[in-house]
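S.K.: The following file, start14.txt, comprises compact mmCIF, C-alpha atoms:
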# COMPACT_ATOMS: atom_id res chain seq x y z
CA MET P 1 -19.30 -137.28 -181.80
CA LYS P 2 -16.86 -135.65 -184.15
CA ARG P 3 -15.81 -133.22 -181.45
CA GLU P 4 -15.04 -136.05 -179.01
CA THR P 5 -12.98 -137.82 -181.71
CA LEU P 6 -11.01 -134.63 -182.33
CA ASN P 7 -10.29 -134.17 -178.61
CA VAL P 8 -9.04 -137.73 -178.35
CA LYS P 9 -6.66 -137.16 -181.27
CA CYS P 10 -5.31 -133.95 -179.72
CA ARG P 11 -4.71 -135.62 -176.42
CA GLY P 12 -2.89 -138.46 -178.17
CA GLY P 13 -0.66 -135.99 -180.08
CA ARG P 14 0.22 -134.12 -176.93
CA ALA P 15 1.16 -137.31 -175.16
CA TRP P 16 3.28 -138.39 -178.09
CA LEU P 17 5.05 -134.97 -178.14
CA ALA P 18 5.73 -135.07 -174.39
CA ALA P 19 7.13 -138.59 -174.66
CA SER P 20 9.40 -137.52 -177.52
CA LEU P 21 10.77 -134.55 -175.54
CA LEU P 22 11.42 -136.73 -172.52
CA PHE P 23 13.25 -139.25 -174.67
CA LEU P 24 15.46 -136.57 -176.23
CA THR P 25 16.30 -135.09 -172.83
CA VAL P 26 17.36 -138.45 -171.41
CA LEU P 27 19.38 -139.19 -174.53
CA SER P 28 21.24 -135.85 -174.35
CA GLN P 29 22.09 -136.35 -170.66
CA LEU P 30 23.43 -139.82 -171.38
CA SER P 31 25.50 -138.50 -174.31
CA PHE P 32 26.93 -135.65 -172.22
CA SER P 33 27.96 -137.96 -169.40
CA VAL P 34 29.54 -140.38 -171.84
CA PHE P 35 31.52 -137.61 -173.56
CA ALA P 36 32.52 -136.12 -170.21
CA GLN P 37 33.83 -139.51 -169.08
CA THR P 38 35.67 -139.85 -172.37
CA ASP P 39 37.24 -136.39 -171.98
CA ALA P 40 38.21 -137.18 -168.41
CA GLN P 41 39.79 -140.41 -169.54
CA THR P 42 41.68 -138.73 -172.42
CA LYS P 43 42.79 -135.58 -170.46
CA THR P 44 46.60 -135.33 -170.36
CA PRO P 45 47.89 -135.28 -166.77
CA LEU P 46 50.03 -132.30 -165.68
CA ALA P 47 53.69 -133.13 -166.24
CA PRO P 48 56.25 -132.16 -163.57
CA PRO P 49 59.14 -129.84 -164.50
CA HIS P 50 61.97 -131.80 -166.06
CA ASP P 51 65.73 -131.40 -166.23
CA VAL P 52 65.83 -129.72 -162.80
CA ARG P 53 69.35 -128.77 -161.75
CA VAL P 54 70.44 -127.19 -158.45
CA PHE P 55 73.96 -125.98 -157.72
CA ASP P 56 75.86 -123.48 -155.58
CA THR P 57 75.59 -120.00 -157.08
CA PRO P 58 79.01 -119.24 -158.56
CA SER P 59 81.10 -116.18 -157.67
CA ASP P 60 79.19 -115.22 -154.52
CA GLY P 61 79.80 -114.97 -150.80
CA GLY P 62 77.77 -118.10 -150.00
CA GLY P 63 74.24 -118.60 -148.71
CA SER P 64 72.80 -118.98 -152.20
CA LEU P 65 71.67 -121.75 -154.55
CA THR P 66 70.70 -121.50 -158.21
CA VAL P 67 67.85 -123.62 -159.65
CA LEU P 68 67.54 -124.30 -163.39
CA TRP P 69 64.87 -126.29 -165.22
CA ALA P 70 63.59 -126.63 -168.78
CA PRO P 71 60.37 -124.80 -169.71
CA ALA P 72 57.28 -126.80 -170.71
CA PRO P 73 55.46 -126.31 -174.07
CA ASP P 74 52.30 -125.09 -172.28
CA ASP P 75 53.99 -122.50 -170.06
CA SER P 76 51.68 -119.52 -169.58
CA ALA P 77 50.48 -117.05 -166.96
CA ALA P 78 47.73 -119.51 -165.99
CA THR P 79 50.30 -122.13 -164.98
CA LYS P 80 52.54 -121.44 -162.00
CA TYR P 81 55.84 -122.78 -160.78
CA GLN P 82 56.63 -123.37 -157.11
CA VAL P 83 60.14 -123.72 -155.68
CA LEU P 84 60.29 -126.06 -152.70
CA VAL P 85 63.14 -126.44 -150.22
CA SER P 86 63.90 -128.64 -147.23
CA GLU P 87 67.09 -129.08 -145.20
CA GLY P 88 68.87 -132.39 -145.50
CA THR P 89 69.34 -134.96 -148.24
CA THR P 90 66.47 -137.29 -147.26
CA VAL P 91 62.96 -136.30 -148.36
CA ALA P 92 60.08 -138.57 -147.29
CA ASP P 93 57.34 -136.63 -149.07
CA PRO P 94 58.21 -133.88 -151.58
CA ALA P 95 54.72 -132.40 -151.12
CA ALA P 96 55.63 -131.59 -147.49
CA MET P 97 58.60 -129.42 -148.48
CA ASN P 98 58.46 -125.68 -147.81
CA VAL P 99 57.26 -123.49 -150.69
CA VAL P 100 59.61 -120.48 -150.83
CA ALA P 101 58.54 -118.95 -154.15
CA GLU P 102 55.67 -119.04 -156.63
CA PHE P 103 55.45 -117.22 -159.97
CA PRO P 104 53.81 -117.56 -163.42
CA ALA P 105 55.36 -120.11 -165.73
CA ASN P 106 56.13 -117.54 -168.45
CA GLN P 107 58.66 -115.66 -166.29
CA ARG P 108 62.20 -115.98 -164.92
CA TYR P 109 64.14 -117.14 -167.95
CA VAL P 110 67.93 -117.30 -168.02
CA ARG P 111 67.99 -114.56 -170.67
CA GLU P 112 66.32 -112.23 -168.14
CA SER P 113 69.00 -112.80 -165.51
CA LYS P 114 71.95 -110.53 -164.76
CA TRP P 115 74.63 -113.12 -165.31
CA PRO P 116 77.58 -111.97 -167.42
CA TRP P 117 77.56 -113.38 -170.92
CA TRP P 118 80.57 -115.63 -170.26
CA THR P 119 78.91 -117.44 -167.30
CA ARG P 120 75.40 -117.97 -168.63
CA PRO P 121 74.34 -121.59 -169.24
CA SER P 122 74.62 -122.56 -172.90
CA THR P 123 71.99 -125.32 -172.81
CA GLY P 124 69.26 -123.30 -174.51
CA GLU P 125 66.11 -121.74 -173.05
CA GLN P 126 65.73 -122.40 -169.32
CA HIS P 127 63.98 -121.10 -166.25
CA GLN P 128 66.15 -119.79 -163.43
CA PHE P 129 65.54 -119.00 -159.77
CA THR P 130 68.15 -118.02 -157.19
CA LEU P 131 67.57 -118.97 -153.55
CA LYS P 132 69.02 -116.36 -151.20
CA ASN P 133 68.82 -115.67 -147.50
CA GLY P 134 65.94 -113.40 -146.71
CA LYS P 135 63.62 -114.73 -149.44
CA GLY P 136 61.59 -117.04 -147.25
CA VAL P 137 64.55 -119.31 -146.57
CA GLU P 138 67.79 -119.26 -144.60
CA LEU P 139 70.64 -121.12 -146.24
CA LYS P 140 73.73 -121.93 -144.19
CA ASN P 141 77.07 -122.53 -145.86
CA GLY P 142 78.15 -126.15 -145.73
CA ASN P 143 74.65 -127.54 -145.07
CA ALA P 144 72.99 -129.76 -147.68
CA TYR P 145 69.50 -128.86 -148.95
CA SER P 146 66.93 -130.65 -151.08
CA VAL P 147 65.36 -128.44 -153.72
CA THR P 148 62.69 -129.17 -156.31
CA VAL P 149 60.19 -127.40 -158.57
CA ALA P 150 56.44 -128.04 -158.84
CA ALA P 151 54.04 -127.10 -161.65
CA VAL P 152 50.54 -126.00 -160.60
CA SER P 153 47.58 -125.70 -162.99
CA ASN P 154 43.79 -125.87 -162.45
CA GLY P 155 44.19 -127.34 -159.00
CA ASP P 156 46.63 -130.02 -160.17
CA ARG P 157 50.20 -130.14 -158.84
CA ALA P 158 53.13 -132.08 -160.29
CA ILE P 159 56.41 -132.16 -158.36
CA ALA P 160 59.79 -133.00 -159.86
CA THR P 161 62.31 -135.23 -158.17
CA PRO P 162 64.24 -133.29 -155.46
CA VAL P 163 67.90 -132.45 -156.11
CA GLN P 164 70.54 -131.95 -153.41
CA ALA P 165 73.02 -129.05 -153.29
CA THR P 166 75.22 -127.27 -150.75
CA PRO P 167 75.88 -123.49 -150.69
CA GLU P 168 79.53 -122.47 -150.33
CA PRO P 169 81.38 -119.12 -150.44
CA ASN P 170 83.76 -118.45 -153.33
CA TRP P 171 87.16 -116.80 -153.20
CA ILE P 172 86.87 -114.94 -156.51
CA ASN P 173 83.90 -113.21 -158.13
CA TRP P 174 84.43 -114.14 -161.75
CA ASN P 175 81.41 -112.04 -162.72
CA GLN P 176 83.57 -108.94 -162.15
CA MET P 177 86.42 -110.15 -164.35
CA ASN P 178 85.62 -107.46 -166.91
CA ASN P 179 86.17 -104.77 -164.25
CA LEU P 180 89.54 -106.31 -163.34
CA LEU P 181 90.65 -106.29 -166.96
CA LEU P 182 89.55 -102.67 -167.39
CA ALA P 183 91.34 -101.64 -164.18
CA LEU P 184 94.57 -103.32 -165.34
CA LEU P 185 94.25 -101.71 -168.77
CA PHE P 186 93.70 -98.20 -167.42
CA GLY P 187 96.37 -98.69 -164.76
CA GLY P 188 98.87 -99.59 -167.47
CA ILE P 189 97.86 -96.51 -169.47
CA VAL P 190 98.37 -94.26 -166.44
CA PHE P 191 101.82 -95.72 -165.64
CA TYR P 192 102.84 -95.31 -169.27
CA ALA P 193 101.68 -91.67 -169.24
CA ILE P 194 103.62 -90.99 -166.01
CA SER P 195 106.81 -92.45 -167.48
CA THR P 196 106.29 -90.29 -170.57
CA ALA P 197 105.77 -87.16 -168.43
CA ARG P 198 109.08 -87.81 -166.67
CA LYS P 199 110.93 -87.90 -169.99
CA ARG P 200 109.38 -84.90 -171.70
CA GLU P 201 106.95 -82.10 -171.06
CA ILE P 202 103.33 -82.97 -171.84
CA PHE P 203 101.04 -80.31 -173.22
CA LEU P 204 98.09 -79.32 -171.05
CA ARG P 205 95.25 -77.22 -172.34
CA ARG P 206 95.40 -73.66 -171.07
CA ILE P 207 92.93 -72.94 -168.26
CA PRO P 208 92.36 -69.18 -167.94
CA GLY P 209 91.10 -69.41 -164.36
CA LEU P 210 94.37 -70.96 -163.18
CA ASP P 211 96.48 -68.56 -165.21
CA ALA P 212 94.75 -65.75 -163.32
CA VAL P 213 95.82 -67.02 -159.88
CA ASP P 214 99.11 -65.11 -159.94
CA GLU P 215 97.30 -62.04 -161.25
CA ALA P 216 94.81 -62.13 -158.37
CA ILE P 217 97.50 -62.63 -155.73
CA GLY P 218 99.64 -59.87 -157.25
CA ARG P 219 96.71 -57.46 -157.22
CA ALA P 220 96.01 -58.23 -153.56
CA THR P 221 99.69 -57.61 -152.74
CA GLU P 222 99.71 -54.26 -154.53
CA LEU P 223 96.56 -53.11 -152.73
CA GLY P 224 97.72 -54.45 -149.36
CA LYS P 225 94.52 -56.44 -148.93
CA PRO P 226 94.04 -60.07 -147.91
CA ILE P 227 92.99 -63.08 -150.02
CA LEU P 228 89.84 -64.99 -149.09
CA TYR P 229 89.80 -68.72 -149.91
CA MET P 230 86.84 -71.10 -149.37
CA THR P 231 86.85 -74.90 -149.69
CA GLY P 232 83.12 -75.55 -150.20
CA ALA P 233 80.31 -77.13 -148.23
CA HIS P 234 81.43 -80.77 -148.07
CA ASP P 235 83.91 -82.48 -145.77
CA MET P 236 87.24 -84.11 -146.62
CA SER P 237 85.58 -87.29 -147.87
CA ASP P 238 84.40 -85.43 -150.99
CA PRO P 239 86.78 -85.29 -154.00
CA SER P 240 85.96 -81.65 -154.67
CA THR P 241 87.07 -80.68 -151.14
CA ILE P 242 90.32 -82.62 -151.57
CA ALA P 243 90.95 -80.80 -154.84
CA ALA P 244 90.21 -77.47 -153.12
CA ALA P 245 92.73 -78.29 -150.37
CA VAL P 246 95.39 -79.13 -152.96
CA ILE P 247 94.82 -75.85 -154.80
CA LEU P 248 94.98 -74.07 -151.45
CA GLY P 249 98.53 -75.37 -151.06
CA ARG P 250 99.54 -73.81 -154.37
CA VAL P 251 97.83 -70.50 -153.52
CA ALA P 252 99.45 -70.47 -150.07
CA LYS P 253 102.88 -70.85 -151.68
CA ARG P 254 102.24 -67.76 -153.76
CA THR P 255 100.92 -65.75 -150.80
CA ALA P 256 103.98 -66.75 -148.76
CA ALA P 257 106.27 -65.59 -151.55
CA TYR P 258 104.48 -62.25 -151.85
CA GLY P 259 103.88 -61.78 -148.11
CA THR P 260 100.12 -61.46 -148.57
CA ASP P 261 97.58 -62.27 -145.86
CA LEU P 262 95.47 -65.36 -146.41
CA LEU P 263 92.01 -65.96 -144.85
CA VAL P 264 90.43 -69.43 -145.03
CA PRO P 265 87.04 -69.72 -143.23
CA HIS P 266 85.72 -73.27 -142.71
CA ARG P 267 82.46 -75.09 -142.10
CA ASP P 268 84.00 -78.42 -141.06
CA PRO P 269 86.58 -78.88 -138.24
CA ILE P 270 88.32 -81.80 -139.98
CA THR P 271 88.68 -79.80 -143.18
CA MET P 272 90.09 -76.90 -141.13
CA ALA P 273 92.73 -79.15 -139.53
CA VAL P 274 93.78 -80.55 -142.90
CA CYS P 275 93.99 -77.11 -144.49
CA GLN P 276 96.08 -75.84 -141.57
CA GLU P 277 98.69 -78.50 -142.28
CA VAL P 278 98.52 -77.83 -146.01
CA THR P 279 99.05 -74.10 -145.46
CA LYS P 280 101.89 -74.62 -142.99
CA GLN P 281 103.66 -76.97 -145.41
CA ALA P 282 103.20 -74.47 -148.22
CA TYR P 283 104.90 -71.73 -146.18
CA LEU P 284 107.77 -74.09 -145.38
CA GLU P 285 108.25 -75.00 -149.05
CA ALA P 286 107.75 -71.51 -150.42
CA GLY P 287 111.48 -71.03 -150.97
CA LYS P 288 112.37 -74.37 -152.51
CA PRO P 289 113.56 -74.41 -156.13
CA ASP P 290 110.68 -73.59 -158.44
CA LYS P 291 110.13 -72.30 -161.93
CA GLN P 292 109.25 -68.89 -160.47
CA ALA P 293 112.39 -66.81 -159.91
CA TYR P 294 110.87 -64.64 -157.20
CA LEU P 295 110.62 -67.43 -154.64
CA GLU P 296 113.06 -67.02 -151.76
CA ALA P 297 114.38 -69.22 -148.97
CA GLY P 298 111.05 -70.15 -147.35
CA LYS P 299 108.96 -68.03 -145.02
CA PRO P 300 107.65 -70.12 -142.13
CA ASP P 301 107.68 -67.02 -139.92
CA LEU P 302 104.88 -65.53 -142.01
CA TYR P 303 102.55 -68.43 -141.30
CA LYS P 304 99.66 -67.62 -138.96
CA ASP P 305 97.71 -70.30 -137.14
CA ASP P 306 94.53 -68.26 -137.34
CA SER P 307 94.63 -67.96 -141.12
CA ASN P 308 92.45 -71.08 -141.12
CA PHE P 309 89.53 -70.62 -138.74
CA PHE P 310 86.24 -72.35 -138.04
CA ILE P 311 82.97 -70.40 -138.21
CA THR P 312 79.99 -72.77 -138.07
CA SER P 313 78.61 -75.84 -139.80
CA ASP P 314 75.24 -74.17 -140.44
CA GLN P 315 74.84 -73.24 -144.09
CA PHE P 316 73.42 -69.74 -143.96
CA SER P 317 75.09 -68.73 -140.70
CA TYR P 318 78.41 -69.47 -142.40
CA THR P 319 77.28 -67.50 -145.45
CA ALA P 320 76.34 -64.46 -143.36
CA ALA P 321 79.66 -64.56 -141.51
CA VAL P 322 81.72 -64.75 -144.72
CA ASP P 323 79.68 -61.95 -146.28
CA GLY P 324 80.52 -59.85 -143.23
CA ILE P 325 84.24 -60.59 -143.67
CA MET P 326 84.00 -59.50 -147.31
CA LEU P 327 82.31 -56.22 -146.41
CA ARG P 328 84.62 -55.41 -143.50
CA LYS P 329 88.04 -56.46 -144.80
CA LYS P 330 87.30 -56.10 -148.52
CA PRO P 331 89.70 -58.82 -149.79
CA ALA P 332 91.18 -58.13 -153.22
CA ALA P 333 90.75 -61.75 -154.40
CA ASN P 334 88.14 -64.37 -153.56
CA PHE P 335 88.58 -68.07 -154.33
CA PHE P 336 85.50 -70.34 -154.31
CA MET P 337 86.75 -73.94 -154.70
CA GLY P 338 84.81 -77.11 -153.92
CA HIS P 339 81.13 -78.02 -153.83
CA TYR P 340 78.48 -75.40 -153.10
CA PHE P 341 74.73 -75.21 -152.69
CA ALA P 342 72.30 -72.28 -152.35
CA GLU P 343 74.93 -70.12 -150.62
CA ALA P 344 76.95 -69.83 -153.84
CA LEU P 345 75.11 -66.83 -155.28
CA LEU P 346 74.92 -65.06 -151.89
CA LEU P 347 78.70 -65.31 -151.49
CA THR P 348 79.68 -64.36 -155.03
CA GLU P 349 77.23 -61.44 -155.24
CA THR P 350 78.69 -59.94 -152.08
CA GLY P 351 82.24 -60.47 -153.32
CA ALA P 352 81.42 -58.87 -156.67
CA SER P 353 79.98 -55.82 -154.89
CA THR P 354 83.34 -55.21 -153.16
CA GLY P 355 85.23 -55.19 -156.49
CA ALA P 356 87.35 -58.28 -155.78
CA ILE P 357 88.76 -60.60 -158.44
CA GLN P 358 86.79 -63.83 -158.07
CA ILE P 359 87.93 -67.27 -159.22
CA ALA P 360 85.54 -70.21 -158.74
CA GLY P 361 85.84 -73.92 -159.34
CA THR P 362 83.15 -76.52 -158.66
CA ASP P 363 81.72 -79.83 -159.80
CA ALA P 364 78.20 -78.78 -158.74
CA ASP P 365 76.53 -78.35 -162.12
CA HIS P 366 73.47 -76.72 -160.53
CA GLN P 367 75.64 -73.84 -159.25
CA LEU P 368 77.80 -73.32 -162.33
CA PRO P 369 75.46 -70.71 -163.91
CA PHE P 370 75.75 -68.50 -160.81
CA PHE P 371 79.54 -68.79 -160.70
CA VAL P 372 79.89 -68.05 -164.40
CA THR P 373 77.67 -64.97 -164.03
CA THR P 374 79.23 -63.42 -160.92
CA CYS P 375 82.89 -64.54 -161.05
CA ASP P 376 85.72 -63.40 -163.31
CA TYR P 377 86.96 -66.97 -163.96
CA THR P 378 85.28 -70.34 -163.39
CA LEU P 379 86.77 -73.84 -163.41
CA ILE P 380 84.08 -76.14 -164.77
CA GLY P 381 83.80 -79.74 -163.61
CA GLU P 382 87.01 -81.68 -164.08
CA GLU P 383 89.08 -78.54 -164.48
CA LEU P 384 88.90 -78.35 -160.69
CA TYR P 385 90.61 -81.75 -160.41
CA ALA P 386 93.17 -80.90 -163.08
CA ALA P 387 94.18 -77.67 -161.32
CA SER P 388 96.80 -79.32 -159.09
CA ALA P 389 98.62 -80.87 -162.04
CA TYR P 390 98.27 -77.64 -164.02
CA LEU P 391 99.78 -75.49 -161.26
CA SER P 392 102.53 -77.83 -160.07
CA ARG P 393 103.52 -79.46 -163.40
CA GLU P 394 104.77 -82.47 -161.42
CA PRO P 395 105.30 -85.51 -163.72
CA VAL P 396 103.23 -87.88 -161.58
CA GLN P 397 100.21 -85.59 -161.53
CA VAL P 398 100.54 -84.57 -165.16
CA GLY P 399 100.98 -88.20 -166.26
CA THR P 400 97.97 -89.29 -164.22
CA LEU P 401 95.89 -86.56 -165.82
CA ARG P 402 97.01 -87.58 -169.31
CA GLY P 403 96.35 -91.27 -168.57
CA GLN P 404 92.80 -90.47 -167.46
CA ASP P 405 92.21 -88.55 -170.67
CA ILE P 406 93.44 -91.49 -172.74
CA GLY P 407 91.15 -93.85 -170.80
CA LYS P 408 88.16 -91.60 -171.38
CA ALA P 409 88.96 -91.41 -175.08
CA LEU P 410 89.14 -95.22 -175.21
CA ILE P 411 85.74 -95.59 -173.52
CA LEU P 412 84.18 -93.04 -175.85
CA GLY P 413 85.66 -94.85 -178.84
CA VAL P 414 84.20 -98.19 -177.70
CA LEU P 415 80.80 -96.58 -177.15
CA GLY P 416 80.96 -95.00 -180.60
CA VAL P 417 81.85 -98.29 -182.31
CA GLY P 418 79.11 -100.10 -180.38
CA THR P 419 76.54 -97.49 -181.36
CA ILE P 420 77.47 -97.81 -185.02
CA LEU P 421 77.33 -101.62 -184.93
CA ALA P 422 73.98 -101.64 -183.14
CA THR P 423 72.53 -99.13 -185.60
CA LEU P 424 73.74 -101.13 -188.58
CA GLY P 425 72.35 -104.30 -187.04
CA VAL P 426 68.89 -102.73 -186.73
CA MET P 427 68.98 -101.20 -190.22
CA LEU P 428 70.17 -104.40 -191.92
CA ASP P 429 68.28 -106.78 -189.60
CA ALA P 430 71.56 -108.58 -188.94
CA GLN P 431 72.43 -110.76 -185.97
CA TRP P 432 76.19 -110.21 -185.90
CA PRO P 433 76.14 -107.13 -183.57
CA LYS P 434 74.64 -109.25 -180.78
CA LEU P 435 78.01 -110.67 -179.70
CA PHE P 436 79.45 -107.19 -179.32
CA LEU P 437 76.42 -105.96 -177.38
CA ASP P 438 76.43 -109.00 -175.07
CA CYS P 439 80.11 -108.43 -174.32
CA PHE P 440 79.67 -104.83 -173.20
CA ARG P 441 76.20 -104.65 -171.71
CA ASP P 442 77.45 -106.08 -168.37
CA VAL P 443 80.37 -103.67 -168.01
CA LYS P 444 79.85 -101.77 -164.76
Output the file's structure in the form of structure tokens.
M.R.:
Amino acid sequence: MKRETLNVKCRGGRAWLAASLLFLTVLSQLSFSVFAQTDAQTKTPLAPPHDVRVFDTPSDGGGSLTVLWAPAPDDSAATKYQVLVSEGTTVADPAAMNVVAEFPANQRYVRESKWPWWTRPSTGEQHQFTLKNGKGVELKNGNAYSVTVAAVSNGDRAIATPVQATPEPNWINWNQMNNLLLALLFGGIVFYAISTARKREIFLRRIPGLDAVDEAIGRATELGKPILYMTGAHDMSDPSTIAAAVILGRVAKRTAAYGTDLLVPHRDPITMAVCQEVTKQAYLEAGKPDKQAYLEAGKPDLYKDDSNFFITSDQFSYTAAVDGIMLRKKPAANFFMGHYFAEALLLTETGASTGAIQIAGTDADHQLPFFVTTCDYTLIGEELYAASAYLSREPVQVGTLRGQDIGKALILGVLGVGTILATLGVMLDAQWPKLFLDCFRDVK
């Protein structure tokens, strides 16, 4: 009897426990649904981008529109912006517009753009996107387009009101105004230096390689051997080849005055034709008044058409042919002017083995060690370009050279001042160097 009473009590306790658990489960489900509905009712809807502005991109050739809009407080990588475009000024449904770009909302700020500091918008922090042909859209000059921006987050999409704009080409690129000012400044410096050179003699640093030109030509004349002159591996579009052709004119004047043979092998037919005219003109002008007293009344009869001759455009075939000329004719002086590649050491080693005086000049920094090692004199870098002014002493060339030096000194001075200001700004945690840095960071 007692056992049956105990079993009844246990069964009643289990039933009561099961009922309690069921009640708590139902209550928790009801509470969760109520709170979920409350959260859904209180959830803030996604706001569309505001302050959207669209205008023709300034200082361009057309076919471009710039879009600006204010960033939202919740901009992050999880939220994305879409740029939408449609042709025409009437938009029935902004959601049907073409999406041409999509990117995270924490990117593409105005401060990250490449606008010069004097054309950047001064309305504070903004997003910027530039619509250009080839980026999923084709913009035609003179046609109106509707452009807007949409914010996308967690499946929601909010679209701003479309704005109309028309791309147009511009006559002047104001973004390059700094380059214009620099060009005018340096042009004025060069003209001033030229006028100064016409009034008085301007000092030029002594270049031993150019001082040795007369020595090399005189030695070749005494030995009765020819002079070998090379203009490098590039064609006439390269500045180093142009400089080599100009120096050739000065060397040809000296050889005409001394009556020395001149050999000029070429790798490019156009360069050969130019050097033929330069050499012929040098022989015609060899007797005109000059600072050298030994110059006579011109010697065009000494000019030979075959002094400039074409070999081949192949690099090492040309090298082998010139090495053969050195070994057979044993010129007393070798000139290596212009730009050279791997053939430089092969040529100069052969010339050194024949005992010739060798003068080199190049702007190829990777070949300078070989020229310095194997040649008697080497013109390094810009000395090659200064050689014409150094040899001729003409006021225009000397003044241009001096003006370039002044311009370089000015640029170096500005860089030095900027470096000092930036360093002080970092050390003192000051903001005042920013204006200077913004002014000069876009100089190209």
S.K.: Excluding same-chain residues fewer than 6 positions from Gly324 of chain P, what lies within 12 Å of it counting all atoms listed in the file, as a ChimeraX atom specification?
M.R.: /P:265,311,317-318,330-331,346-347,350-351,354
S.K.: Tell me, as a PyMOL selection string, which residues lie within 9 Å of segment 385-387 of chain P, counting all atoms listed in the file; anything in the same chain fewer than 6 positions away does not count.
M.R.: chain P and resi 207+210+239-240+242-244+246-247+379+397-398+401
S.K.: What is the distance, in Å and to one decimal place, between atom CA of Leu284 of chain P and atom CA of Ala212 of chain P?
M.R.: 23.7 Å
S.K.: Considering only C-alpha atoms, can you say which of P:Ala96, P:Tyr109, P:Ala256, P:Ala389 comes closest to Arg206 of chain P?
M.R.: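 Among the listed residues, the smallest separation from Arg206 of chain P belongs to P:Ala389.
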S.K.: List the neighbours of Ala150 of chain P out to 8 Å using all atoms listed in the file; skip same-chain residues closer than 3 positions along the sequence, and give me the result as a ChimeraX atom specification.
M.R.: /P:48-49,81-84,157-160
S.K.: Using all atoms listed in the file, pick whichever of P:Glu349, P:Glu394, P:Asp301, P:Asp429 has the shortest atom-to-atom distance to Ala197 of chain P.
M.R.: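 Counting all atoms listed in the file, the residue closest to Ala197 of chain P is P:Glu394.
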S.K.: Rank P:Phe203, P:Phe191, P:Phe129, P:Trp174 by their smallest atom-to-atom distance to Ser59 of chain P, using only C-alpha atoms, and report the top residue only.
M.R.: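 Looking at the shortest contact to Ser59 of chain P, the residue is P:Trp174.
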S.K.: What does the structure give for the distance between atom CA of Ala257 of chain P and atom CA of Ala286 of chain P, in Å to one decimal?
M.R.: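 Atom CA of Ala286 of chain P lies at a distance of 6.2 Å from atom CA of Ala257 of chain P.
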S.K.: Would you work out the distance separating atom CA of Thr148 of chain P from atom CA of Asn98 of chain P, expressed in Å to one decimal?
M.R.: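 Atom CA of Thr148 of chain P sits 10.1 Å away from atom CA of Asn98 of chain P.
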S.K.: Excluding Glu168 of chain P and residues on its chain fewer than 6 positions from it, collect all residues at most 7 Å away from it, counting only C-alpha atoms, and give them as number ranges by chain.
M.R.: P: 56, 62-63, 141-142
S.K.: Kindly extract all protein, DNA and RNA residues lying within 12 Å of the coordinates (100.3, -58.9, -157.0) given in the file, considering only C-alpha atoms, and supply them as a PyMOL selection string.
M.R.: chain P and resi 212-227+254-261+332-333+357
S.K.: Please return, as an MDAnalysis selection string, all polymer residues that have at least one atom within 12 Å of the point (99.1, -87.6, -164.5); use only C-alpha atoms and the file's own coordinate frame.
M.R.: chainID P and resid 187 189:198 201:204 385:390 392:407
S.K.: Between P:Thr90, P:Asn106, P:Ser237, P:Gln176, single out the one closest to Thr161 of chain P, counting all atoms listed in the file.
M.R.: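 Closest to Thr161 of chain P of all the choices is P:Thr90.
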S.K.: Of the candidates P:Val91, P:Val264, P:Ala151, P:Leu139, which shows the shortest atom-to-atom distance to Leu248 of chain P, using all atoms listed in the file?
M.R.: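 Residue with the minimum atom-to-atom distance to Leu248 of chain P: P:Val264.
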S.K.: Which of these, P:Val67, P:Leu391, P:Val137, P:Val152, has the shortest distance to Leu46 of chain P once you count all atoms listed in the file?
M.R.: P:Val152
S.K.: Near Met230 of chain P, counting all atoms listed in the file, which residues have an atom at most 8 Å away, once you skip same-chain residues fewer than 5 positions from it, shown as number ranges by chain?
M.R.: P: 264-266, 335-338
S.K.: Enclose the full set of atoms of segment 346-352 of chain P listed in the file within a box whose edges lie along x, y and z, apply 4 Å of padding to each of the six sides, and report centre and edge lengths in Å to one decimal as lines of an AutoDock Vina configuration file.
M.R.:
center_x = 78.6
center_y = -62.1
center_z = -154.1
size_x = 15.3
size_y = 14.4
size_z = 13.2
